[in-house]
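Data first, discussion second: the structure below is written as structure tokens.
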Amino acid sequence: MKINKLYAFLLSLVAMSTFTACSDSDYTALYNDPSKTTTVTCPKLFTGVVYSGRSYTYNAYWRMYTWDNIFAKYAQTVGYKNNSGSVYYYNEGYTADRWNNFYNVLAQFRQLQNQYDKESAKDQANDKLFVDLSEVFVIDHLSQMVDLFGDVPYSAAGYLGITGDVAGSRPAYDDDVELYKSMLSRLGELYTEISSLGSNMSAITKSGLSQQDFLCGGDVNKWLAYANSLRLRLAVHVAAQGDLVSTAKAAIQECLGRELITSDSNNIEVYPDDDKAWVNSDDFGTSFKDINNVASQPMIDAMTRVAGENDPRLAVLYTPNAEGKYIGTDRKETNAFQTQHGSSYNGFGDGAWSDRYYASLDSVTFAGNIKFISPVITAAEVNFLKAECYQQGYASGNAEAAFVAGMIESTKFYYRLNNVSTDSHGYRGTYPGDAAVTEYAEKLWATYTNKLEAIMTAKWTHFGVIQPTQAWTDIRRTGYPALTYPEDEQAQSVKTLPNRIKYPSTEAANNAANYKAACAVQADELSTKLFWEK
């Protein structure tokens, strides 16, 4: 019998004495590796949960080259060649890798829950915080899966390594509306629990957290901001249309009165400093040399919208072309035009760098940056979310002020990203200061009649090449920025922009009954719109 490897991940694990996902030598030097001990504890399993999701949490070459490449094209946050026949194509194997990774993370979390359930009341008192923090991380990844696939297995998934029941390991799919409803509710509960547990940590818990938490450095307040900012993101996603409008608006009101990420210095991110060099072990920056290093014309247009002025982020995002101009690829261009105007550095043509027509991603900030910062949720995103809430009437507040704050935090982030780089062959920028960014942001706001368009375009620019999946989600739910998506007449299968991603073929093969039942509710087609899409 062929076993679905997605849900069979833990069959090779001896449940509480081995932990194969935690095997990276640099990682184990910093964080106790459960595979090296006969006693696996909740703190160690907490580390394993987060570490298992590293490929889709930290920016990595594989993620950029495969997964992000799909959605950066869909969101047009990168420039790329309009190859007829493959404009909207994606490799199904890359989808399967993302799917597999999530269920690996979930399987680790189920082991953590199982360990906690078996403990004494005394040990549970010390370990409850680790379970809650892990669940925040899992919900983050679950929400990304739901935003791309729709209905996915969750409540019954990830238990094979605990039960050993192969037949029962093929989980049913959860409805995406119910998953969203549950995530919004659970994140609210987790915020309350983490706040209480963090205020009353035992010495044992505090010591374990300081040793095992490499995402927030043992800072419970950062975890609170993470949980609440994530909840705000999800609530805003479903506040405009769909079955959860009233639920989402109530959650937004609660989120805005709680701890949020409001400063670039408090972003949820991973910085590959000397103590965590393994985070950047596969050289994420190199991916910008190999793919998607050309500017997007819609992105350039958004950053040169104010007459006579450039967005202050432009200089650290892009290197101009040979004539000192910022020109990016456009969906309206033909393949022949791009080949004629391309050069060897972008793979479009045979011309030299000195003759380049298109602007490229700044080498110091991106391609040469071995200190690349991996954002999970940033203050810029949160401020743009607040601006959207105020503008749409979900809450009372000044939308323009929140928009300006988002621009300030985004600009700070990109200048910081540029400045941490050790690359000395390109532009090294100096943050122009809050006053200068404020002045520009106010002018930018004034250029838009539709203020929601202003907010979403600025947020889309912030996500850029680093968080393109979030950018694509925003486009699908709001329609902004309004981009051109011509039909790819030569494509054999994917001729137009998808509304969702299809399930990997392994589901139809190995989880057949549940896959068939899910498809009867939600057609497994690229054209299927998810409940929150515009």
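To be explicit about the labels: the chains of the structure tokens are called A, B, and onward in the order shown, and within each one the residues are counted from 1, while ligands get numbers from 1 in the order they are shown.
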
Could you pull out the strand (DSSP E or B) residues of range 59-285 of chain A, going by DSSP on the backbone, and write them as a ChimeraX atom specification? /A:79,152,174,268-270

Residue contacts of Val238 in chain A (12 Å, only C-alpha atoms) excluding same-chain residues fewer than 2 positions away, as JSON, numbers by chain: {"A": [143, 147, 176, 177, 179, 180, 181, 183, 184, 231, 232, 233, 234, 235, 236, 240, 241, 242, 243, 244, 245, 246, 247, 248, 249, 250, 251, 252, 389, 394, 473, 474, 476, 477, 478, 530, 531, 532, 533, 534]}

Using only N, CA and C atoms, please write the residues we just selected to a file, as a compact mmCIF listing (two decimals), in the first residue's frame.
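The new file part-v9.txt reads:
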# COMPACT_ATOMS: atom_id res chain seq x y z
N SER A 143 -3.00 29.96 7.61
CA SER A 143 -3.70 31.04 6.90
C SER A 143 -3.14 31.23 5.50
N ASP A 147 -5.35 30.83 2.12
CA ASP A 147 -5.44 31.93 1.16
C ASP A 147 -5.07 31.49 -0.25
N ASP A 176 -12.92 26.38 4.30
CA ASP A 176 -12.07 27.56 4.50
C ASP A 176 -12.77 28.67 5.30
N VAL A 177 -14.08 28.79 5.17
CA VAL A 177 -14.80 29.77 5.97
C VAL A 177 -14.69 29.42 7.46
N LEU A 179 -12.39 27.57 8.82
CA LEU A 179 -10.99 27.72 9.25
C LEU A 179 -10.69 29.17 9.57
N TYR A 180 -11.13 30.08 8.72
CA TYR A 180 -10.91 31.50 8.99
C TYR A 180 -11.60 31.92 10.29
N LYS A 181 -12.83 31.47 10.47
CA LYS A 181 -13.56 31.79 11.68
C LYS A 181 -12.83 31.28 12.91
N MET A 183 -9.55 30.55 13.12
CA MET A 183 -8.27 31.25 13.30
C MET A 183 -8.48 32.59 13.99
N LEU A 184 -9.51 33.33 13.58
CA LEU A 184 -9.79 34.62 14.20
C LEU A 184 -10.12 34.47 15.67
N ARG A 231 -3.77 38.36 13.57
CA ARG A 231 -5.24 38.36 13.64
C ARG A 231 -5.82 39.56 12.88
N LEU A 232 -5.18 40.72 13.01
CA LEU A 232 -5.64 41.90 12.29
C LEU A 232 -5.54 41.66 10.78
N ARG A 233 -4.43 41.09 10.35
CA ARG A 233 -4.25 40.78 8.92
C ARG A 233 -5.40 39.91 8.42
N LEU A 234 -5.69 38.85 9.14
CA LEU A 234 -6.71 37.90 8.71
C LEU A 234 -8.11 38.52 8.77
N ALA A 235 -8.36 39.31 9.79
CA ALA A 235 -9.67 39.96 9.89
C ALA A 235 -9.90 40.92 8.73
N VAL A 236 -8.89 41.68 8.37
CA VAL A 236 -9.02 42.62 7.25
C VAL A 236 -9.23 41.85 5.94
N ALA A 240 -14.41 42.69 3.94
CA ALA A 240 -15.12 43.41 2.87
C ALA A 240 -16.21 42.59 2.21
N GLN A 241 -15.98 41.29 2.06
CA GLN A 241 -16.96 40.44 1.41
C GLN A 241 -16.82 39.01 1.92
N GLY A 242 -17.88 38.24 1.72
CA GLY A 242 -17.85 36.85 2.17
C GLY A 242 -18.75 36.63 3.37
N ASP A 243 -18.57 35.48 4.00
CA ASP A 243 -19.47 35.04 5.07
C ASP A 243 -19.06 35.51 6.46
N LEU A 244 -17.93 36.20 6.57
CA LEU A 244 -17.41 36.53 7.90
C LEU A 244 -17.26 38.04 8.13
N VAL A 245 -18.01 38.84 7.40
CA VAL A 245 -17.84 40.29 7.48
C VAL A 245 -18.06 40.80 8.90
N SER A 246 -19.16 40.41 9.53
CA SER A 246 -19.44 40.92 10.88
C SER A 246 -18.45 40.38 11.90
N THR A 247 -18.07 39.10 11.74
CA THR A 247 -17.07 38.50 12.63
C THR A 247 -15.74 39.23 12.51
N ALA A 248 -15.36 39.53 11.27
CA ALA A 248 -14.08 40.20 11.03
C ALA A 248 -14.06 41.61 11.59
N LYS A 249 -15.15 42.33 11.42
CA LYS A 249 -15.20 43.71 11.92
C LYS A 249 -15.12 43.76 13.44
N ALA A 250 -15.74 42.78 14.09
CA ALA A 250 -15.66 42.72 15.55
C ALA A 250 -14.22 42.42 15.99
N ALA A 251 -13.55 41.52 15.27
CA ALA A 251 -12.16 41.19 15.59
C ALA A 251 -11.26 42.39 15.38
N ILE A 252 -11.51 43.16 14.33
CA ILE A 252 -10.70 44.35 14.06
C ILE A 252 -10.77 45.33 15.22
N CYS A 389 -8.47 49.85 7.52
CA CYS A 389 -9.58 49.77 8.47
C CYS A 389 -10.26 51.12 8.64
N TYR A 394 -14.15 50.36 9.11
CA TYR A 394 -14.18 49.25 10.06
C TYR A 394 -13.90 49.72 11.48
N THR A 473 -2.53 38.07 -2.55
CA THR A 473 -3.77 37.98 -1.78
C THR A 473 -4.48 39.32 -1.76
N ASP A 474 -3.76 40.40 -1.55
CA ASP A 474 -4.37 41.73 -1.51
C ASP A 474 -4.98 42.11 -2.86
N ARG A 476 -6.20 40.06 -5.09
CA ARG A 476 -7.40 39.26 -5.29
C ARG A 476 -8.57 39.76 -4.46
N ARG A 477 -8.29 40.29 -3.27
CA ARG A 477 -9.41 40.67 -2.41
C ARG A 477 -9.86 42.12 -2.61
N THR A 478 -8.99 42.99 -3.15
CA THR A 478 -9.35 44.40 -3.31
C THR A 478 -9.37 44.87 -4.76
N LEU A 530 -12.11 32.08 -4.10
CA LEU A 530 -12.27 31.82 -2.68
C LEU A 530 -13.28 32.81 -2.09
N PHE A 531 -13.84 32.49 -0.94
CA PHE A 531 -15.00 33.22 -0.44
C PHE A 531 -14.74 34.70 -0.17
N TRP A 532 -13.48 35.06 0.06
CA TRP A 532 -13.17 36.44 0.39
C TRP A 532 -12.70 37.26 -0.81
N GLU A 533 -12.58 36.64 -1.98
CA GLU A 533 -12.08 37.35 -3.15
C GLU A 533 -13.12 38.32 -3.71
N LYS A 534 -12.64 39.40 -4.25
CA LYS A 534 -13.50 40.44 -4.82
C LYS A 534 -14.22 39.89 -6.05

Cut-off 12 Å: closest range 192-262 of chain A/range 116-137 of chain A atom pairs per residue, using only C-alpha atoms, as a tab-separated table:
residue	atom	partner	partner_atom	distance
A:Thr192	CA	A:Asp132	CA	10.4
A:Glu193	CA	A:Asp132	CA	7.7
A:Ile194	CA	A:Leu129	CA	6.4
A:Ser195	CA	A:Leu129	CA	9.6
A:Ser196	CA	A:Leu129	CA	9.5
A:Leu197	CA	A:Leu129	CA	6.3
A:Gly198	CA	A:Leu129	CA	7.6
A:Ser199	CA	A:Leu129	CA	10.9
A:Asn200	CA	A:Asn126	CA	10.0
A:Met201	CA	A:Asn126	CA	7.6
A:Ser202	CA	A:Asn126	CA	6.6
A:Ala203	CA	A:Asn126	CA	8.8
A:Ile204	CA	A:Asn126	CA	6.7
A:Thr205	CA	A:Asn126	CA	5.3
A:Lys206	CA	A:Asn126	CA	9.0
A:Ser207	CA	A:Asn126	CA	10.5
A:Gly208	CA	A:Phe130	CA	9.1
A:Leu209	CA	A:Phe130	CA	7.8
A:Ser210	CA	A:Phe130	CA	11.5
A:Gln212	CA	A:Phe130	CA	9.5
A:Asp213	CA	A:Phe130	CA	9.3
A:Leu215	CA	A:Phe137	CA	9.8
A:Cys216	CA	A:Leu133	CA	10.2
A:Gly218	CA	A:Leu133	CA	10.5
A:Asp219	CA	A:Leu133	CA	11.1
A:Val220	CA	A:Leu133	CA	9.0
A:Asn221	CA	A:Leu133	CA	11.4
A:Lys222	CA	A:Leu133	CA	10.7
A:Trp223	CA	A:Leu133	CA	7.1
A:Leu224	CA	A:Leu133	CA	9.1
A:Ala225	CA	A:Val136	CA	10.9
A:Tyr226	CA	A:Val136	CA	8.0
A:Ala227	CA	A:Val136	CA	6.0
A:Asn228	CA	A:Val136	CA	9.6
A:Ser229	CA	A:Val136	CA	10.9
A:Leu230	CA	A:Val136	CA	8.6
A:Arg231	CA	A:Val136	CA	9.7

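Each of A:Tyr390, A:Tyr74, A:Tyr159, A:Tyr58 was compared to Tyr271 in chain A using only C-alpha atoms, and A:Tyr58 turns out to be the nearest.
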
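If you measure from each of A:Ser296, A:Thr334, A:Thr319, A:Asn419 to Ser84 in chain A using only C-alpha atoms, the closest one turns out to be A:Thr334.
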
May I have a table of the residues of range 68-155 of chain A lying at most 12 Å from range 306-318 of chain A, giving each one's closest pair of atoms and their distance in Å to one decimal, counting only C-alpha atoms, ordered by chain and ascending residue number, as a Markdown table?
| residue | atom | partner | partner_atom | distance |
| --- | --- | --- | --- | --- |
| A:Thr77 | CA | A:Leu317 | CA | 11.7 |
| A:Val78 | CA | A:Tyr318 | CA | 11.1 |
| A:Gly79 | CA | A:Tyr318 | CA | 11.6 |

From the DSSP assignment of the backbone, select every residue of range 97-172 of chain A that is alpha helix (DSSP H), and format the answer as a PyMOL selection string. chain A and resi 97-118+121-149+160-163

Exercise: Trp353 in chain A partners within 10 Å, only C-alpha atoms, chain neighbours under 4 positions left out, as JSON, numbers by chain: {"A": [321, 322, 342, 343, 344, 345, 346, 357, 358]}

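Closest approach to Val521 in chain A among A:Tyr173, A:Tyr94, A:Tyr448, A:Phe366: A:Tyr173, based on only C-alpha atoms.
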
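In terms of minimum interatomic distance to Leu452 in chain A, A:Glu388 ranks closest within A:Glu439, A:Glu487, A:Glu388, A:Asp330, counting only C-alpha atoms.
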
Neighbour list for Tyr415 in chain A as a ChimeraX atom specification, cut-off 7 Å, only C-alpha atoms, skip fewer than 5 positions in-chain: /A:316,429-431

Give me, as an NGL selection string, all polymer residues having an atom no more than 9 Å from Thr461 in chain A, counting only C-alpha atoms and skipping those fewer than 6 positions away in the same chain. :A and (77 or 299 or 302-303 or 471)

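Residues in contact with Tyr503 in chain A at 10 Å, where only C-alpha atoms are counted and same-chain residues fewer than 5 positions away are skipped, are listed as Glu92, Thr95, Ala96, Trp99, Leu148, Phe149, Gly150, Asp151, Val152, Ala508, Tyr515, Cys519, Asp524, Glu525 and Leu526 of chain A.
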
Could you turn the residues from that selection into a file that holds N, CA and C atoms, as a tab-separated table (two decimals), in the first residue's frame?
chain	number	residue	atom	x	y	z
A	92	GLU	N	3.96	22.29	-10.76
A	92	GLU	CA	3.16	21.63	-9.75
A	92	GLU	C	4.03	21.06	-8.63
A	95	THR	N	4.35	23.52	-5.85
A	95	THR	CA	3.15	23.53	-5.02
A	95	THR	C	3.18	22.39	-4.02
A	96	ALA	N	3.59	21.22	-4.49
A	96	ALA	CA	3.67	20.05	-3.61
A	96	ALA	C	4.66	20.28	-2.48
A	99	TRP	N	3.00	22.46	0.14
A	99	TRP	CA	1.99	21.65	0.81
A	99	TRP	C	2.66	20.71	1.82
A	148	LEU	N	-4.34	30.41	-0.38
A	148	LEU	CA	-3.91	29.95	-1.70
A	148	LEU	C	-4.73	28.79	-2.23
A	149	PHE	N	-5.12	27.86	-1.35
A	149	PHE	CA	-5.82	26.66	-1.79
A	149	PHE	C	-7.32	26.69	-1.50
A	150	GLY	N	-7.74	27.40	-0.46
A	150	GLY	CA	-9.12	27.33	0.00
A	150	GLY	C	-9.26	26.29	1.08
A	151	ASP	N	-10.17	25.33	0.90
A	151	ASP	CA	-10.34	24.25	1.87
A	151	ASP	C	-9.07	23.40	1.93
A	152	VAL	N	-8.60	23.10	3.15
A	152	VAL	CA	-7.43	22.24	3.33
A	152	VAL	C	-7.65	21.35	4.55
A	508	ALA	N	-4.97	13.73	-4.88
A	508	ALA	CA	-5.91	12.91	-5.65
A	508	ALA	C	-5.48	11.45	-5.64
A	515	TYR	N	-10.20	13.97	-0.95
A	515	TYR	CA	-9.99	14.92	-2.04
A	515	TYR	C	-11.26	15.03	-2.89
A	519	CYS	N	-13.59	18.36	-3.47
A	519	CYS	CA	-13.83	18.91	-4.81
A	519	CYS	C	-15.32	19.05	-5.11
A	524	ASP	N	-11.66	21.99	-7.75
A	524	ASP	CA	-10.21	22.14	-7.76
A	524	ASP	C	-9.75	22.70	-9.10
A	525	GLU	N	-10.12	23.94	-9.33
A	525	GLU	CA	-9.80	24.63	-10.58
A	525	GLU	C	-9.12	25.96	-10.27
A	526	LEU	N	-8.27	26.39	-11.19
A	526	LEU	CA	-7.60	27.67	-11.01
A	526	LEU	C	-8.59	28.83	-11.03

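The smallest atom-to-atom distance between Glu323 in chain A and any of A:Ser263, A:Ser354, A:Asn104, A:Ser185, using only C-alpha atoms, is found for A:Ser354.
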
Which is closest to Arg428 in chain A among A:Arg416, A:Lys443, A:Arg54, A:Lys502, if we use only C-alpha atoms? A:Arg416

Close residues, Ile373 in chain A itself excluded, 9 Å, only C-alpha atoms, min 4 positions apart in chain, as an MDAnalysis selection string: chainID A and resid 58:59 269:272 417 420

Would you save the residues from that selection as a short mmCIF file (atom, residue, chain, number, x, y, z; two decimals), in the first residue's frame, using N, CA, C and O atoms?
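Listing of result11.cif after writing:
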data_model
loop_
_atom_site.label_atom_id
_atom_site.label_comp_id
_atom_site.auth_asym_id
_atom_site.auth_seq_id
_atom_site.Cartn_x
_atom_site.Cartn_y
_atom_site.Cartn_z
N TYR A 58 11.70 32.06 6.67
CA TYR A 58 12.88 32.85 6.34
C TYR A 58 13.02 32.86 4.82
O TYR A 58 12.72 31.89 4.15
N ASN A 59 13.48 33.98 4.30
CA ASN A 59 13.74 34.03 2.88
C ASN A 59 14.88 33.09 2.54
O ASN A 59 15.93 33.11 3.17
N GLU A 269 10.72 39.29 12.51
CA GLU A 269 11.64 39.02 11.41
C GLU A 269 12.80 38.18 11.89
O GLU A 269 13.03 38.04 13.10
N VAL A 270 13.53 37.62 10.96
CA VAL A 270 14.73 36.87 11.30
C VAL A 270 15.91 37.55 10.64
O VAL A 270 15.92 37.76 9.42
N TYR A 271 16.87 37.92 11.45
CA TYR A 271 18.06 38.59 10.96
C TYR A 271 19.24 37.64 11.08
O TYR A 271 19.56 37.16 12.16
N PRO A 272 19.91 37.33 9.97
CA PRO A 272 21.00 36.34 10.01
C PRO A 272 22.29 36.91 10.56
O PRO A 272 23.27 37.12 9.84
N LEU A 417 17.62 47.42 5.50
CA LEU A 417 18.02 46.25 4.72
C LEU A 417 19.23 46.57 3.85
O LEU A 417 20.18 45.78 3.74
N VAL A 420 22.50 46.99 6.24
CA VAL A 420 23.11 45.83 6.90
C VAL A 420 23.96 45.02 5.94
O VAL A 420 24.78 44.20 6.36
#
